[in-house]
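To start, the structure under review is shown below, and the notes come after it.
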2 protein chains.
Amino acid sequence: MLVADLQTPALVIDATAFDHNISTMAVALPGSRLRPHVKAHKCTEIALRQAAAGHRSFCCATSREVIGMARAGLGDDLLLANETVDSERLRAMAACDARVTVAVDSDATVEAAATARIREVLIDVCVGLPRCGCEPGDAGRLAELARLRGLTVRGVMGYEGHVVGLEDGSARAEQTAACMALLMQAHALTGGDVVSAGGTGTYSCNTWANEIQAGSYVLMDNAYDKLGLPFRRALQAVSTVVSVNDRWAVADCGLKALGMDHGDPTIDGASVWFCSDEHVTFAAEPLPRVGDRVIVRPAHVDPTIAYHDVLRVATGPGIGAEVIDTWPVDLRGW
Amino acid sequence: MLVADLQTPALVIDATAFDHNISTMAVALPGSRLRPHVKAHKCTEIALRQAAAGHRSFCCATSREVIGMARAGLGDDLLLANETVDSERLRAMAACDARVTVAVDSDATVEAAATARIREVLIDVCVGLPRCGCEPGDAGRLAELARLRGLTVRGVMGYEGHVVGLEDGSARAEQTAACMALLMQAHALTGGDVVSAGGTGTYSCNTWANEIQAGSYVLMDNAYDKLGLPFRRALQAVSTVVSVNDRWAVADCGLKALGMDHGDPTIDGASVWFCSDEHVTFAAEPLPRVGDRVIVRPAHVDPTIAYHDVLRVATGPGIGAEVIDTWPVDLRGW
């Protein structure tokens, strides 16, 4: 079957770009230097291929991701890089046949982890992104509290999420340095072997962290594609033109098939006007015909994939490539 | 179980607001005057309650919605208010134990419907929204073509989607009149009993259409809540605070749990800063504590629900209400 024969909308991975991204990253950050973040793809078939490239430690954003990775035999070293006080989910993660580490940033999250018999934690440190993480100066106290409660403190994590998307590479590097100075201050207070940070935008300039939590590199999207990274856009949303007049065309890939927080998707050679629930309206010269297939490029990969049941895998880019595999998006939901 | 005991993030329907919305609309547009749009909720349990209120004809945006509604015994009169040339999906809809009508707006969509043995169509007319629909003046030719191909032309549809969200009620009414003038021109050319149009924002001012395709009224969202309609916000995203410092708090309801095309959600009494994949960061006075539950109000209901497996139903608003039912979001995907 060709990509052009798929029912639409469908997410299709260009295997040539995917393989390039996996191998490029495995050279840059081999083995445990990369802790791939599965939140970007929510797909154990992709994680299996990241593991085959040498990365056996993974990062997760939800307990469902942790538990699903353990069930898929990918539980060598799973980090929930997120806080939770859900005792049922913490107990379920602790019961996994896997090494599970969770992030903690408060007395309450330390207490919840210890009570649920989680064994290992990282102290999550705020390095500037207004989200989770303790003050750097509080990391030592939290580590001590965790150890008193019987938890092993493996070290620190601190995500410079406000920096990873900066288009100016030197600003990105400078601000990463400032963020990591905070993380290293905290690490000096906590001890432990792990300094976990970074993302696709800072994978090469973050030389402080000893493991990088990049996820988007494997499929990429329009936002990260602006940064001049050596990774290629590997995810395409294939759609069908369902309506055309003399001014615009409409294809069946709307905002229920695309993460919209980074704005509209793009279509090569066309001007995207807007998305509605099941449609993208665009202008192009020449306009396509009803029934033509169109490749839509998502602005943000993570929330795009979270809308889909499966990812198709094709031999290359475009609608003429052969579909060679179907991978379930099996880590969706919570 | 109380709402406060649910694992989060979870979508919870306030049954008092839901019942109010259903009954208010059933009084305003009784029976077939309303053709509820299931795209808003993708949930046959909700559609069953709309049917119990007297509405036995429904509107769908995807073939999966049509087929799922037929399987749920709600197939008295299903309209695919959307174009498709997917022969497999058209044949599957034609084979349903249901009355299925599809929208057509071109020779290609007429041909695809006829070939797949669809029996009835509406001529979809562009009334100003840059999306699907033929030119009003072309509607008669298309209707004739459809009849020549053996299709029954039931009439016209034309969605004033660019008008339904206008906050100025008189502008909304004036522009609806202009849109419907185009639709009535087209209807004079096509014949048929049906003039289908409208949405939640124009359900009362669109007096030209003989059936209104409103969907959002049943759950509402922040966008529609600004219009002064007699419907109440019935959908809440319940989340748990996972991290707090002295400036902001973070709860576990992020952009993979919320449609983001209408912007950030709101939290009563708080200032929402931004959403990331699994988090919403907000300020409030006083700040909550880790473990507290927070009600997040989605900006746009349709793409929010499309991220979730189930809807919980509670006796009332807020976290102290009792959870009395769980409804699958069974019409998701394509």
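Going by the structure tokens order, chains are called A, B, ..., each with residues numbered from 1, while ligands are numbered from 1 in the order shown.
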
Checklist entry - What residues in chain B lie within 8 Å of chain A, counting only C-alpha atoms, written as a VMD selection string? => result chain B and resid 7 to 9 61 83 to 86 105 to 106 108 to 109 130 to 134 242 to 245 248 to 250 255 to 256 259 to 261 263 277 to 279 281 290 to 291 302 to 303 306 to 309 333 to 334

Go ahead and save the residues from that selection, with C-alpha atoms, as a PDB file, in the first residue's frame.
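Here's the written file result.pdb:
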```pdb
ATOM      1  CA  GLN B   7      -7.641  10.385  38.932  1.00  0.00           C
ATOM      2  CA  THR B   8      -6.639  13.466  36.995  1.00  0.00           C
ATOM      3  CA  PRO B   9      -6.815  15.039  34.530  1.00  0.00           C
ATOM      4  CA  ALA B  61     -18.498  15.447  10.935  1.00  0.00           C
ATOM      5  CA  GLU B  83     -17.558  16.148   2.185  1.00  0.00           C
ATOM      6  CA  THR B  84     -15.738  12.912   1.494  1.00  0.00           C
ATOM      7  CA  VAL B  85     -14.587  11.013  -1.571  1.00  0.00           C
ATOM      8  CA  ASP B  86     -13.423   7.998   0.472  1.00  0.00           C
ATOM      9  CA  ASP B 105     -20.487  20.375  -3.019  1.00  0.00           C
ATOM     10  CA  SER B 106     -18.826  19.276  -6.287  1.00  0.00           C
ATOM     11  CA  ALA B 108     -16.528  14.673  -7.546  1.00  0.00           C
ATOM     12  CA  THR B 109     -18.404  14.360  -4.255  1.00  0.00           C
ATOM     13  CA  PRO B 130     -13.928  29.882   3.676  1.00  0.00           C
ATOM     14  CA  ARG B 131     -14.386  26.137   3.886  1.00  0.00           C
ATOM     15  CA  CYS B 132     -16.584  23.640   2.053  1.00  0.00           C
ATOM     16  CA  GLY B 133     -19.681  24.406   0.026  1.00  0.00           C
ATOM     17  CA  CYS B 134     -20.421  25.320  -3.581  1.00  0.00           C
ATOM     18  CA  VAL B 242       1.473  18.864  41.757  1.00  0.00           C
ATOM     19  CA  SER B 243       3.864  21.738  42.471  1.00  0.00           C
ATOM     20  CA  VAL B 244       3.620  25.080  44.271  1.00  0.00           C
ATOM     21  CA  ASN B 245       6.091  27.794  45.243  1.00  0.00           C
ATOM     22  CA  TRP B 248       2.812  30.090  41.107  1.00  0.00           C
ATOM     23  CA  ALA B 249       1.182  26.678  41.187  1.00  0.00           C
ATOM     24  CA  VAL B 250       1.162  23.862  38.644  1.00  0.00           C
ATOM     25  CA  LEU B 255      -2.257  20.930  26.430  1.00  0.00           C
ATOM     26  CA  LYS B 256      -2.669  17.193  25.761  1.00  0.00           C
ATOM     27  CA  GLY B 259      -7.998  21.839  22.823  1.00  0.00           C
ATOM     28  CA  MET B 260      -5.699  24.857  22.499  1.00  0.00           C
ATOM     29  CA  ASP B 261      -6.881  26.488  19.259  1.00  0.00           C
ATOM     30  CA  GLY B 263      -6.109  29.703  23.634  1.00  0.00           C
ATOM     31  CA  ASP B 277       2.160  19.103  27.616  1.00  0.00           C
ATOM     32  CA  GLU B 278       0.968  17.867  31.010  1.00  0.00           C
ATOM     33  CA  HIS B 279       0.781  21.072  33.061  1.00  0.00           C
ATOM     34  CA  THR B 281       0.873  27.019  35.408  1.00  0.00           C
ATOM     35  CA  VAL B 290       0.112  20.265  46.532  1.00  0.00           C
ATOM     36  CA  GLY B 291      -2.641  17.683  46.238  1.00  0.00           C
ATOM     37  CA  ASP B 302     -14.710  19.920  20.796  1.00  0.00           C
ATOM     38  CA  PRO B 303     -10.929  19.353  20.583  1.00  0.00           C
ATOM     39  CA  ALA B 306     -11.275  14.453  21.459  1.00  0.00           C
ATOM     40  CA  TYR B 307      -8.230  13.880  23.730  1.00  0.00           C
ATOM     41  CA  HIS B 308     -10.166  11.864  26.327  1.00  0.00           C
ATOM     42  CA  ASP B 309     -11.384   8.276  26.595  1.00  0.00           C
ATOM     43  CA  GLY B 333     -10.894   9.225  15.588  1.00  0.00           C
ATOM     44  CA  TRP B 334     -11.793   8.761  11.944  1.00  0.00           C
TER      45      TRP B 334
END
```

Item to check | DSSP strand (DSSP E) residues within stretch 117-147 of chain B, listed as a PyMOL selection string | outcome: chain B and resi 120-124

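Excluding A:Val163 itself and same-chain residues fewer than 2 positions from it, the residues having an atom within 7 Å of it are Glu160, Gly161, Gly165, Leu166, Arg172, Gln175 and Thr176 of chain A, counting only C-alpha atoms.
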
Next on the checklist: From the options A:Leu145, A:Val153, A:Pro136, A:Ala299, which residue's atoms come nearest to A:Arg119, counting only C-alpha atoms?
Outcome noted: A:Val153

Next on the checklist: If DSSP is run on the backbone, what residues of stretch 261-306 of chain B are alpha helix (DSSP H)? A reply as a list in words would be ideal.
Outcome noted: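 Taking stretch 261-306 of chain B and keeping alpha helix (DSSP H) gives Val301, Asp302, Pro303, Thr304 and Ile305 of chain B.
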
Checklist outcome for this item: Using only C-alpha atoms, the best pick from A:Trp208, A:Ile319, A:Arg297, A:Ser63 as closest to A:Ala223 would be A:Arg297

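For the pair atom CA of A:Val66 and atom CA of A:Leu79, the separation is 7.6 Å.
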
Next on the checklist: Would you pick out the contacts of B:Val27 at 12 Å or less, using only C-alpha atoms, so that residues sharing its chain but fewer than 6 positions from it are not included, and give the list as a list in words?
Outcome noted: His20, Asn21, Arg33, Leu34, Ala53, Gly54, His55, Ser204 and Pro230 of chain B
